[in-house]
Amino acid sequence: MNDQEKLEKIRHSFAHLLAAAVTQMYPRSLPATGPTTENGFFYDFAFESNIPTEEELEKIENKMREILSSWEGFERIEVTPEEAREHFKDNKYKLELIDSFEDKGEKVSLYRSGSFIDLCRGGHVDDINDLVPEAFKLHAISGAYWQSDENNDQLVRISGFAFEAKESLANYLEMREEAKKRDHRKLAKELDLLVFSELIGPGLPIFTPKGNIVRSKIVEFSRELNAKIGFQEVHTPNMNKAELFKISGHYQKYEEDMFKVSSHYTDEEYYLKPMNCPQHTQLYASKKRSYRDLPIRIADFSNLYRDEKPGELAGLTRLRFFSQDDGHVFCSEDQIEEEFNKILEVVQVALKIYGLDYHIRLSLRDPENKEKYLGDDSLWERSQSMLKDLLEQNGVDYVEAPGEAAFYGPKMDIMAHDALGREWQISTVQLDFSMPERFDLTYVDNNGDEKRPVLIHRAIIGSPDRFMGILLEHFAGKLPLWLSPVQISLVPVSEEQKDITHEIAEQIIKAGLRVDVLDENDSLGKRIRNAKMERVPYIGVIGDRESKNNSISIESRDSGKLGEIKVDELIDLLKQKNTSRDISV
C-alpha cells in the first residue's frame, strides 16, 4: 500500500468518525453518505431541526476525539440486503444505497466501530492508531443535494481536512491561508484587472484595460510559439449547427453542457461552440488534400462557451466564456513523432518562461467503462501505445491516469505546479484517430491511394483566461515585468519635476514599455505606497537631483532600492528584461 492509498483510508475512516459524532450529538439526524475528498472528507446528513452551525464545528471535533479514544478498529459484517434494510429501516438514504448495491449484484457490508454501525464497501485503516486525533479539522458546513442531483432532497454537508500527522495538517492550513491571500479574484479586483456583472451574467468576465494587457501578452506569447513550429492562425464562428457536433460525437456526450442558440428564421438547432476541433475538420475538408500538403497545422483563439453550473464557477479558473490557445495538426502516421516533439518543445519553453514546475500525466481510457469512448479496442490500444512510445523516446517520465482520456483519444497532459504546490492541468497533446474517420477526412498518398489523416489536438497553456488566474495566484499578484500592465511608475517629488517626469515617460513609451506617472495632489509617500499596492515592478522617483542628472532613483518591487540610474540605462535594462521575458524584477 502506497502513501496515497494509506491517506485515502485515513480520510475514509475519519468520515465514519464524523458520522458517529453527529448521530450521537444530534440523535434525530440521518447520515446519508460520506466520501473522501482531495484533502479530507465530508459527510452529508438530513436534519429534522437543530441544524449545527459553523460555531459548533469545534464541539463536533471534540466529540470525534472522545469517540476515537474508545474505538478499537473497523469490524466488517456481511449481511443480506434484507438484514441491511432492517437495520436502516428509518433511513431512506441508506435504503436507496442498499437497493443500488443489490441491483449491481454487490455484497452488502456493514462496518462496526464501538457502538456505531454504518453501511460501507470498506477502505478503512488497518490500525486505529493511524487516526491521529490532532491530524484532522472540520472546516465547513454547506448545503448539498442527495446524490448531487438538484431534484433530490437538500442535505447538510459537514466537511473536514485530514492527514497522517499533526504537522501535515498544520502545513496544509498554513498553505490554505496563503492561498486565500493569493485568490486571483481578490487580486484581480485590487489590481483593477477584471469585472463580473450580474447584468451580464455569471462566468462571463469583462477584462479592464489593465486586465486585457495581461491576457493579450499571454496570447501574444502563444502566437509566437505557434509561429515557431509552423502553425497558421484561423478565425472561426462562435456557433454552428448541431449536426456538426452530432457527427463529431460531442452532441451525444456534452449536449447538456452546451448553450443552445435560437433563430427567428430557421428551426435548425444551433449551439455556441464549446471547442474548435469540429470546425477545424471542415477547414481540412474544404479541398482535396495530398500527402504533399501534410502536415496542416491550424491555431485558433476564438471564443468558446460552456454551460457550467453556477455553483461550479470560480473566477477565471472556471468560466462559461473563454478562449484557448488551441491548435490542431492533420498529418500522416509517420509524421506524428516529429509533430509531437515540436509541440512538446514549445510547451517546455513556455513553462520555463512562466516559471512553472510540472509533471506529465498520460491520460488513458478507463478499461472498465469502454462505452464512454469512441472507437474500438484495437484503435485505443494502438493510439495509447503510440503515445507511450513517444513519451519514452523523449525520455519523459509520466504517471498513468486511466479514465482521464478524452472520449476520442488518449492524451498527454501537463500538470503544472504553482508556488503553493497545487496542480493545474494546462497543456495537452491528444492523439485522435476517431474524428477523421467520423468526418471521412482523407488525403491522397504518394501511390495515389486515399488514406486517413491523424488528428493531433494540442494546447500550449490551455485557456489564456484561466491561465491568467493561475499566474495571478502563482506570483501572488506580482506579475513579471513583461506581463505587468504598468511596468514602471514614475513619481515626481514636487510640482517642479512634473514636466521632466512626463518627458521621461514619453521616452519610455517610445521604447515600447508601459509607464504610469503618479502626479496627483497626494503626498510623495502616499503615491509611492499606491504604486506598491498595485505591485508595479519598478518605481522611479524624480526629484531635483535626478532632473538635473537625467536620472531616476529606482526601487525594484522584489529587490529593493537600486539607487540612481541614468534614464537611457534604465530603458535598456527594462527593454532587455521585457524582451527576454525575465521573471526576475
# chains A, B, ... in the order shown; residues from 1 in each chain; ligands from 1

$ residues_around --residues "Glu339 in chain A" --least-positions-apart "5" --cutoff "10 Å" --atoms "only C-alpha atoms" --output "PyMOL selection string"
chain A and resi 229+295+297+329-331+334+344-345+456

$ write_last_selection --atoms "N, CA and C atoms" --output "PDB file, in the first residue's frame"
ATOM      1  N   ILE A 229       6.680  26.865 -34.754  1.00  0.00           N
ATOM      2  CA  ILE A 229       6.563  25.471 -35.215  1.00  0.00           C
ATOM      3  C   ILE A 229       5.541  25.343 -36.349  1.00  0.00           C
ATOM      4  N   PRO A 295       2.196  18.058 -42.981  1.00  0.00           N
ATOM      5  CA  PRO A 295       1.117  18.293 -42.016  1.00  0.00           C
ATOM      6  C   PRO A 295       0.462  19.660 -42.205  1.00  0.00           C
ATOM      7  N   ARG A 297      -1.233  22.557 -40.018  1.00  0.00           N
ATOM      8  CA  ARG A 297      -1.255  22.994 -38.611  1.00  0.00           C
ATOM      9  C   ARG A 297      -2.130  24.237 -38.474  1.00  0.00           C
ATOM     10  N   VAL A 329      -3.368  19.543 -35.625  1.00  0.00           N
ATOM     11  CA  VAL A 329      -2.462  19.116 -36.694  1.00  0.00           C
ATOM     12  C   VAL A 329      -3.111  17.940 -37.414  1.00  0.00           C
ATOM     13  N   PHE A 330      -3.241  18.058 -38.735  1.00  0.00           N
ATOM     14  CA  PHE A 330      -3.682  16.946 -39.574  1.00  0.00           C
ATOM     15  C   PHE A 330      -2.430  16.411 -40.263  1.00  0.00           C
ATOM     16  N   CYS A 331      -2.096  15.167 -39.998  1.00  0.00           N
ATOM     17  CA  CYS A 331      -0.832  14.627 -40.517  1.00  0.00           C
ATOM     18  C   CYS A 331      -0.961  13.143 -40.813  1.00  0.00           C
ATOM     19  N   ASP A 334       3.316   8.639 -40.102  1.00  0.00           N
ATOM     20  CA  ASP A 334       4.768   8.716 -39.974  1.00  0.00           C
ATOM     21  C   ASP A 334       5.241  10.134 -39.618  1.00  0.00           C
ATOM     22  N   LEU A 344       5.886  19.399 -27.902  1.00  0.00           N
ATOM     23  CA  LEU A 344       6.453  19.223 -26.563  1.00  0.00           C
ATOM     24  C   LEU A 344       7.545  20.247 -26.298  1.00  0.00           C
ATOM     25  N   GLU A 345       8.335  20.545 -27.302  1.00  0.00           N
ATOM     26  CA  GLU A 345       9.429  21.508 -27.144  1.00  0.00           C
ATOM     27  C   GLU A 345       8.897  22.903 -26.794  1.00  0.00           C
ATOM     28  N   ILE A 456      -4.080  15.573 -34.383  1.00  0.00           N
ATOM     29  CA  ILE A 456      -3.451  15.851 -33.091  1.00  0.00           C
ATOM     30  C   ILE A 456      -4.078  17.125 -32.540  1.00  0.00           C
TER      31      ILE A 456
END

$ select_by_dssp --residues "range 156-392 of chain A" --states "strand (DSSP E or B)" --output "PDB file with N, CA and C atoms, in the first residue's frame"
ATOM      1  N   VAL A 156     -27.330  18.535   4.541  1.00  0.00           N
ATOM      2  CA  VAL A 156     -26.309  19.387   5.153  1.00  0.00           C
ATOM      3  C   VAL A 156     -24.980  18.644   5.082  1.00  0.00           C
ATOM      4  N   ARG A 157     -23.994  19.288   4.484  1.00  0.00           N
ATOM      5  CA  ARG A 157     -22.670  18.679   4.325  1.00  0.00           C
ATOM      6  C   ARG A 157     -21.704  19.268   5.348  1.00  0.00           C
ATOM      7  N   ILE A 158     -21.074  18.409   6.122  1.00  0.00           N
ATOM      8  CA  ILE A 158     -20.021  18.823   7.055  1.00  0.00           C
ATOM      9  C   ILE A 158     -18.700  18.316   6.485  1.00  0.00           C
ATOM     10  N   SER A 159     -17.758  19.238   6.267  1.00  0.00           N
ATOM     11  CA  SER A 159     -16.501  18.895   5.599  1.00  0.00           C
ATOM     12  C   SER A 159     -15.315  19.062   6.534  1.00  0.00           C
ATOM     13  N   GLY A 160     -14.309  18.226   6.328  1.00  0.00           N
ATOM     14  CA  GLY A 160     -13.112  18.310   7.160  1.00  0.00           C
ATOM     15  C   GLY A 160     -11.850  18.033   6.355  1.00  0.00           C
ATOM     16  N   PHE A 161     -10.736  18.463   6.903  1.00  0.00           N
ATOM     17  CA  PHE A 161      -9.416  18.131   6.363  1.00  0.00           C
ATOM     18  C   PHE A 161      -8.845  17.000   7.207  1.00  0.00           C
ATOM     19  N   ALA A 162      -8.029  16.148   6.595  1.00  0.00           N
ATOM     20  CA  ALA A 162      -7.410  15.067   7.355  1.00  0.00           C
ATOM     21  C   ALA A 162      -6.081  14.671   6.727  1.00  0.00           C
ATOM     22  N   LEU A 194     -10.252  42.974 -13.720  1.00  0.00           N
ATOM     23  CA  LEU A 194     -11.375  42.124 -14.098  1.00  0.00           C
ATOM     24  C   LEU A 194     -12.663  42.632 -13.464  1.00  0.00           C
ATOM     25  N   VAL A 195     -13.769  42.464 -14.200  1.00  0.00           N
ATOM     26  CA  VAL A 195     -15.090  42.823 -13.676  1.00  0.00           C
ATOM     27  C   VAL A 195     -16.070  41.709 -14.027  1.00  0.00           C
ATOM     28  N   ILE A 206     -15.376  40.483 -17.825  1.00  0.00           N
ATOM     29  CA  ILE A 206     -15.007  41.659 -18.616  1.00  0.00           C
ATOM     30  C   ILE A 206     -13.599  42.028 -18.194  1.00  0.00           C
ATOM     31  N   PHE A 207     -12.679  42.065 -19.145  1.00  0.00           N
ATOM     32  CA  PHE A 207     -11.308  42.444 -18.833  1.00  0.00           C
ATOM     33  C   PHE A 207     -11.166  43.958 -18.971  1.00  0.00           C
ATOM     34  N   GLN A 232      -0.571  28.050 -38.479  1.00  0.00           N
ATOM     35  CA  GLN A 232      -1.211  29.204 -39.092  1.00  0.00           C
ATOM     36  C   GLN A 232      -2.538  29.458 -38.383  1.00  0.00           C
ATOM     37  N   GLU A 233      -2.788  30.727 -38.046  1.00  0.00           N
ATOM     38  CA  GLU A 233      -3.968  31.044 -37.257  1.00  0.00           C
ATOM     39  C   GLU A 233      -5.181  31.252 -38.144  1.00  0.00           C
ATOM     40  N   VAL A 234      -6.325  30.761 -37.672  1.00  0.00           N
ATOM     41  CA  VAL A 234      -7.594  30.943 -38.371  1.00  0.00           C
ATOM     42  C   VAL A 234      -8.572  31.649 -37.435  1.00  0.00           C
ATOM     43  N   MET A 239     -20.603  29.933 -33.260  1.00  0.00           N
ATOM     44  CA  MET A 239     -21.687  28.948 -33.204  1.00  0.00           C
ATOM     45  C   MET A 239     -21.734  28.174 -34.506  1.00  0.00           C
ATOM     46  N   ASN A 240     -22.429  27.049 -34.459  1.00  0.00           N
ATOM     47  CA  ASN A 240     -22.647  26.262 -35.670  1.00  0.00           C
ATOM     48  C   ASN A 240     -23.824  25.320 -35.476  1.00  0.00           C
ATOM     49  N   LYS A 241     -24.206  24.659 -36.557  1.00  0.00           N
ATOM     50  CA  LYS A 241     -25.322  23.720 -36.494  1.00  0.00           C
ATOM     51  C   LYS A 241     -25.016  22.570 -35.539  1.00  0.00           C
ATOM     52  N   LYS A 260     -27.577  26.425 -26.235  1.00  0.00           N
ATOM     53  CA  LYS A 260     -28.347  26.337 -27.465  1.00  0.00           C
ATOM     54  C   LYS A 260     -28.702  27.739 -27.940  1.00  0.00           C
ATOM     55  N   VAL A 261     -28.676  27.942 -29.261  1.00  0.00           N
ATOM     56  CA  VAL A 261     -28.976  29.244 -29.861  1.00  0.00           C
ATOM     57  C   VAL A 261     -30.231  29.113 -30.707  1.00  0.00           C
ATOM     58  N   TYR A 270     -28.902  25.182 -33.412  1.00  0.00           N
ATOM     59  CA  TYR A 270     -27.570  25.786 -33.410  1.00  0.00           C
ATOM     60  C   TYR A 270     -27.054  25.808 -31.972  1.00  0.00           C
ATOM     61  N   TYR A 271     -25.732  25.729 -31.812  1.00  0.00           N
ATOM     62  CA  TYR A 271     -25.111  25.794 -30.489  1.00  0.00           C
ATOM     63  C   TYR A 271     -23.898  26.712 -30.520  1.00  0.00           C
ATOM     64  N   LEU A 272     -23.690  27.425 -29.419  1.00  0.00           N
ATOM     65  CA  LEU A 272     -22.404  28.090 -29.235  1.00  0.00           C
ATOM     66  C   LEU A 272     -21.365  26.997 -29.061  1.00  0.00           C
ATOM     67  N   SER A 290      -3.404  16.296 -50.503  1.00  0.00           N
ATOM     68  CA  SER A 290      -2.374  15.349 -50.914  1.00  0.00           C
ATOM     69  C   SER A 290      -1.386  15.181 -49.767  1.00  0.00           C
ATOM     70  N   ILE A 296      -0.827  19.744 -41.866  1.00  0.00           N
ATOM     71  CA  ILE A 296      -1.559  21.013 -41.851  1.00  0.00           C
ATOM     72  C   ILE A 296      -1.756  21.394 -40.386  1.00  0.00           C
ATOM     73  N   ARG A 297      -1.233  22.557 -40.018  1.00  0.00           N
ATOM     74  CA  ARG A 297      -1.255  22.994 -38.611  1.00  0.00           C
ATOM     75  C   ARG A 297      -2.130  24.237 -38.474  1.00  0.00           C
ATOM     76  N   ILE A 298      -3.181  24.129 -37.660  1.00  0.00           N
ATOM     77  CA  ILE A 298      -4.162  25.209 -37.513  1.00  0.00           C
ATOM     78  C   ILE A 298      -4.214  25.656 -36.054  1.00  0.00           C
ATOM     79  N   ALA A 299      -4.107  26.974 -35.836  1.00  0.00           N
ATOM     80  CA  ALA A 299      -4.252  27.551 -34.485  1.00  0.00           C
ATOM     81  C   ALA A 299      -5.489  28.432 -34.463  1.00  0.00           C
ATOM     82  N   ASP A 300      -6.110  28.553 -33.274  1.00  0.00           N
ATOM     83  CA  ASP A 300      -7.384  29.283 -33.174  1.00  0.00           C
ATOM     84  C   ASP A 300      -7.550  29.825 -31.754  1.00  0.00           C
ATOM     85  N   ASN A 303     -13.558  32.530 -29.365  1.00  0.00           N
ATOM     86  CA  ASN A 303     -14.246  32.343 -28.084  1.00  0.00           C
ATOM     87  C   ASN A 303     -14.989  31.013 -28.029  1.00  0.00           C
ATOM     88  N   LEU A 304     -14.989  30.421 -26.841  1.00  0.00           N
ATOM     89  CA  LEU A 304     -15.697  29.168 -26.589  1.00  0.00           C
ATOM     90  C   LEU A 304     -16.684  29.378 -25.446  1.00  0.00           C
ATOM     91  N   TYR A 305     -17.710  28.527 -25.402  1.00  0.00           N
ATOM     92  CA  TYR A 305     -18.771  28.703 -24.404  1.00  0.00           C
ATOM     93  C   TYR A 305     -19.177  27.349 -23.847  1.00  0.00           C
ATOM     94  N   ALA A 314     -15.760  29.631 -10.837  1.00  0.00           N
ATOM     95  CA  ALA A 314     -14.737  30.061  -9.878  1.00  0.00           C
ATOM     96  C   ALA A 314     -13.821  31.090 -10.518  1.00  0.00           C
ATOM     97  N   ARG A 318     -12.828  28.815 -13.763  1.00  0.00           N
ATOM     98  CA  ARG A 318     -13.989  28.048 -14.268  1.00  0.00           C
ATOM     99  C   ARG A 318     -14.994  29.046 -14.813  1.00  0.00           C
ATOM    100  N   PHE A 321     -17.436  31.498 -20.586  1.00  0.00           N
ATOM    101  CA  PHE A 321     -16.932  32.106 -21.827  1.00  0.00           C
ATOM    102  C   PHE A 321     -15.427  32.268 -21.695  1.00  0.00           C
ATOM    103  N   PHE A 322     -14.672  31.761 -22.657  1.00  0.00           N
ATOM    104  CA  PHE A 322     -13.217  31.792 -22.583  1.00  0.00           C
ATOM    105  C   PHE A 322     -12.657  31.479 -23.966  1.00  0.00           C
ATOM    106  N   SER A 323     -11.364  31.540 -24.104  1.00  0.00           N
ATOM    107  CA  SER A 323     -10.725  31.069 -25.338  1.00  0.00           C
ATOM    108  C   SER A 323      -9.631  30.076 -24.958  1.00  0.00           C
ATOM    109  N   ASP A 326      -5.632  27.149 -28.857  1.00  0.00           N
ATOM    110  CA  ASP A 326      -5.985  25.855 -29.416  1.00  0.00           C
ATOM    111  C   ASP A 326      -5.222  25.595 -30.714  1.00  0.00           C
ATOM    112  N   GLY A 327      -4.917  24.352 -30.963  1.00  0.00           N
ATOM    113  CA  GLY A 327      -4.252  24.004 -32.208  1.00  0.00           C
ATOM    114  C   GLY A 327      -4.555  22.578 -32.618  1.00  0.00           C
ATOM    115  N   HIS A 328      -4.607  22.349 -33.937  1.00  0.00           N
ATOM    116  CA  HIS A 328      -4.841  21.005 -34.464  1.00  0.00           C
ATOM    117  C   HIS A 328      -3.905  20.736 -35.628  1.00  0.00           C
ATOM    118  N   VAL A 329      -3.368  19.543 -35.625  1.00  0.00           N
ATOM    119  CA  VAL A 329      -2.462  19.116 -36.694  1.00  0.00           C
ATOM    120  C   VAL A 329      -3.111  17.940 -37.414  1.00  0.00           C
ATOM    121  N   PHE A 330      -3.241  18.058 -38.735  1.00  0.00           N
ATOM    122  CA  PHE A 330      -3.682  16.946 -39.574  1.00  0.00           C
ATOM    123  C   PHE A 330      -2.430  16.411 -40.263  1.00  0.00           C
ATOM    124  N   CYS A 331      -2.096  15.167 -39.998  1.00  0.00           N
ATOM    125  CA  CYS A 331      -0.832  14.627 -40.517  1.00  0.00           C
ATOM    126  C   CYS A 331      -0.961  13.143 -40.813  1.00  0.00           C
ATOM    127  N   ASP A 357       6.957  24.675 -12.477  1.00  0.00           N
ATOM    128  CA  ASP A 357       7.362  23.272 -12.493  1.00  0.00           C
ATOM    129  C   ASP A 357       6.164  22.435 -12.946  1.00  0.00           C
ATOM    130  N   TYR A 358       6.413  21.200 -13.359  1.00  0.00           N
ATOM    131  CA  TYR A 358       5.301  20.388 -13.850  1.00  0.00           C
ATOM    132  C   TYR A 358       5.686  18.919 -13.850  1.00  0.00           C
ATOM    133  N   HIS A 359       4.668  18.092 -13.960  1.00  0.00           N
ATOM    134  CA  HIS A 359       4.898  16.685 -14.294  1.00  0.00           C
ATOM    135  C   HIS A 359       3.924  16.311 -15.401  1.00  0.00           C
ATOM    136  N   ILE A 360       4.137  15.172 -16.016  1.00  0.00           N
ATOM    137  CA  ILE A 360       3.326  14.767 -17.166  1.00  0.00           C
ATOM    138  C   ILE A 360       2.436  13.595 -16.786  1.00  0.00           C
ATOM    139  N   ARG A 361       1.170  13.754 -17.143  1.00  0.00           N
ATOM    140  CA  ARG A 361       0.179  12.703 -16.906  1.00  0.00           C
ATOM    141  C   ARG A 361      -0.227  12.094 -18.248  1.00  0.00           C
ATOM    142  N   LEU A 362      -0.145  10.799 -18.339  1.00  0.00           N
ATOM    143  CA  LEU A 362      -0.607  10.092 -19.525  1.00  0.00           C
ATOM    144  C   LEU A 362      -2.050   9.660 -19.266  1.00  0.00           C
ATOM    145  N   SER A 363      -2.990  10.341 -19.911  1.00  0.00           N
ATOM    146  CA  SER A 363      -4.413  10.113 -19.656  1.00  0.00           C
ATOM    147  C   SER A 363      -4.953   9.055 -20.609  1.00  0.00           C
ATOM    148  N   LEU A 364      -5.395   7.957 -20.034  1.00  0.00           N
ATOM    149  CA  LEU A 364      -5.792   6.783 -20.801  1.00  0.00           C
ATOM    150  C   LEU A 364      -7.286   6.502 -20.668  1.00  0.00           C
TER     151      LEU A 364
END

$ residues_around --residues "range 23-32 of chain A" --least-positions-apart "5" --cutoff "10 Å" --atoms "only C-alpha atoms" --output "PyMOL selection string"
chain A and resi 16+18+43-52+59-60+63-64+67+88+90-97+116+118-119+146-147+155-157

$ select_by_dssp --residues "range 131-180 of chain A" --states "helix (DSSP H, G or I)" --output "ChimeraX atom specification"
/A:146-148,166-180

$ closest_residue --among "A:Leu68, A:Val347, A:Leu573, A:Met412" --to "Ile508 in chain A" --atoms "only C-alpha atoms"
A:Leu573

$ closest_residue --among "A:Arg223, A:Lys89, A:Lys9, A:Arg438" --to "Gly375 in chain A" --atoms "only C-alpha atoms"
A:Arg438

$ residues_around --residues "Phe136 in chain A" --least-positions-apart "6" --cutoff "9 Å" --atoms "only C-alpha atoms" --output "ChimeraX atom specification"
/A:11,14,40,61,160-166,169

$ atom_distance --atom1 "CA of Ala406 in chain A" --atom2 "CA of Arg121 in chain A"
29.3 Å

$ residues_around --residues "Asn129 in chain A" --least-positions-apart "6" --cutoff "12 Å" --atoms "only C-alpha atoms" --output "list in words"
Ile10, Ser13, Leu68, Ser69, Ser70, Trp71, Glu72, Gly73, Phe74, Ala135, Glu164 and Ala165 of chain A

$ atom_distance --atom1 "CA of Gln576 in chain A" --atom2 "CA of Ile488 in chain A"
14.2 Å

$ atom_distance --atom1 "CA of Glu520 in chain A" --atom2 "CA of Ile542 in chain A"
14.3 Å

$ closest_residue --among "A:Glu268, A:Pro410, A:Lys273, A:Pro367" --to "Glu255 in chain A" --atoms "only C-alpha atoms"
A:Lys273

$ closest_atom_pairs --of "range 466-576 of chain A" --to "range 215-222 of chain A" --cutoff "10 Å" --atoms "only C-alpha atoms" --output "tab-separated table"
residue	atom	partner	partner_atom	distance
A:Arg466	CA	A:Arg215	CA	9.7
A:Phe467	CA	A:Ile218	CA	8.4
A:Met468	CA	A:Arg215	CA	6.5
A:Gly469	CA	A:Arg215	CA	9.8
A:Trp482	CA	A:Lys217	CA	7.7
A:Leu483	CA	A:Lys217	CA	6.2
A:Ser484	CA	A:Lys217	CA	9.1
A:Pro485	CA	A:Lys217	CA	9.5
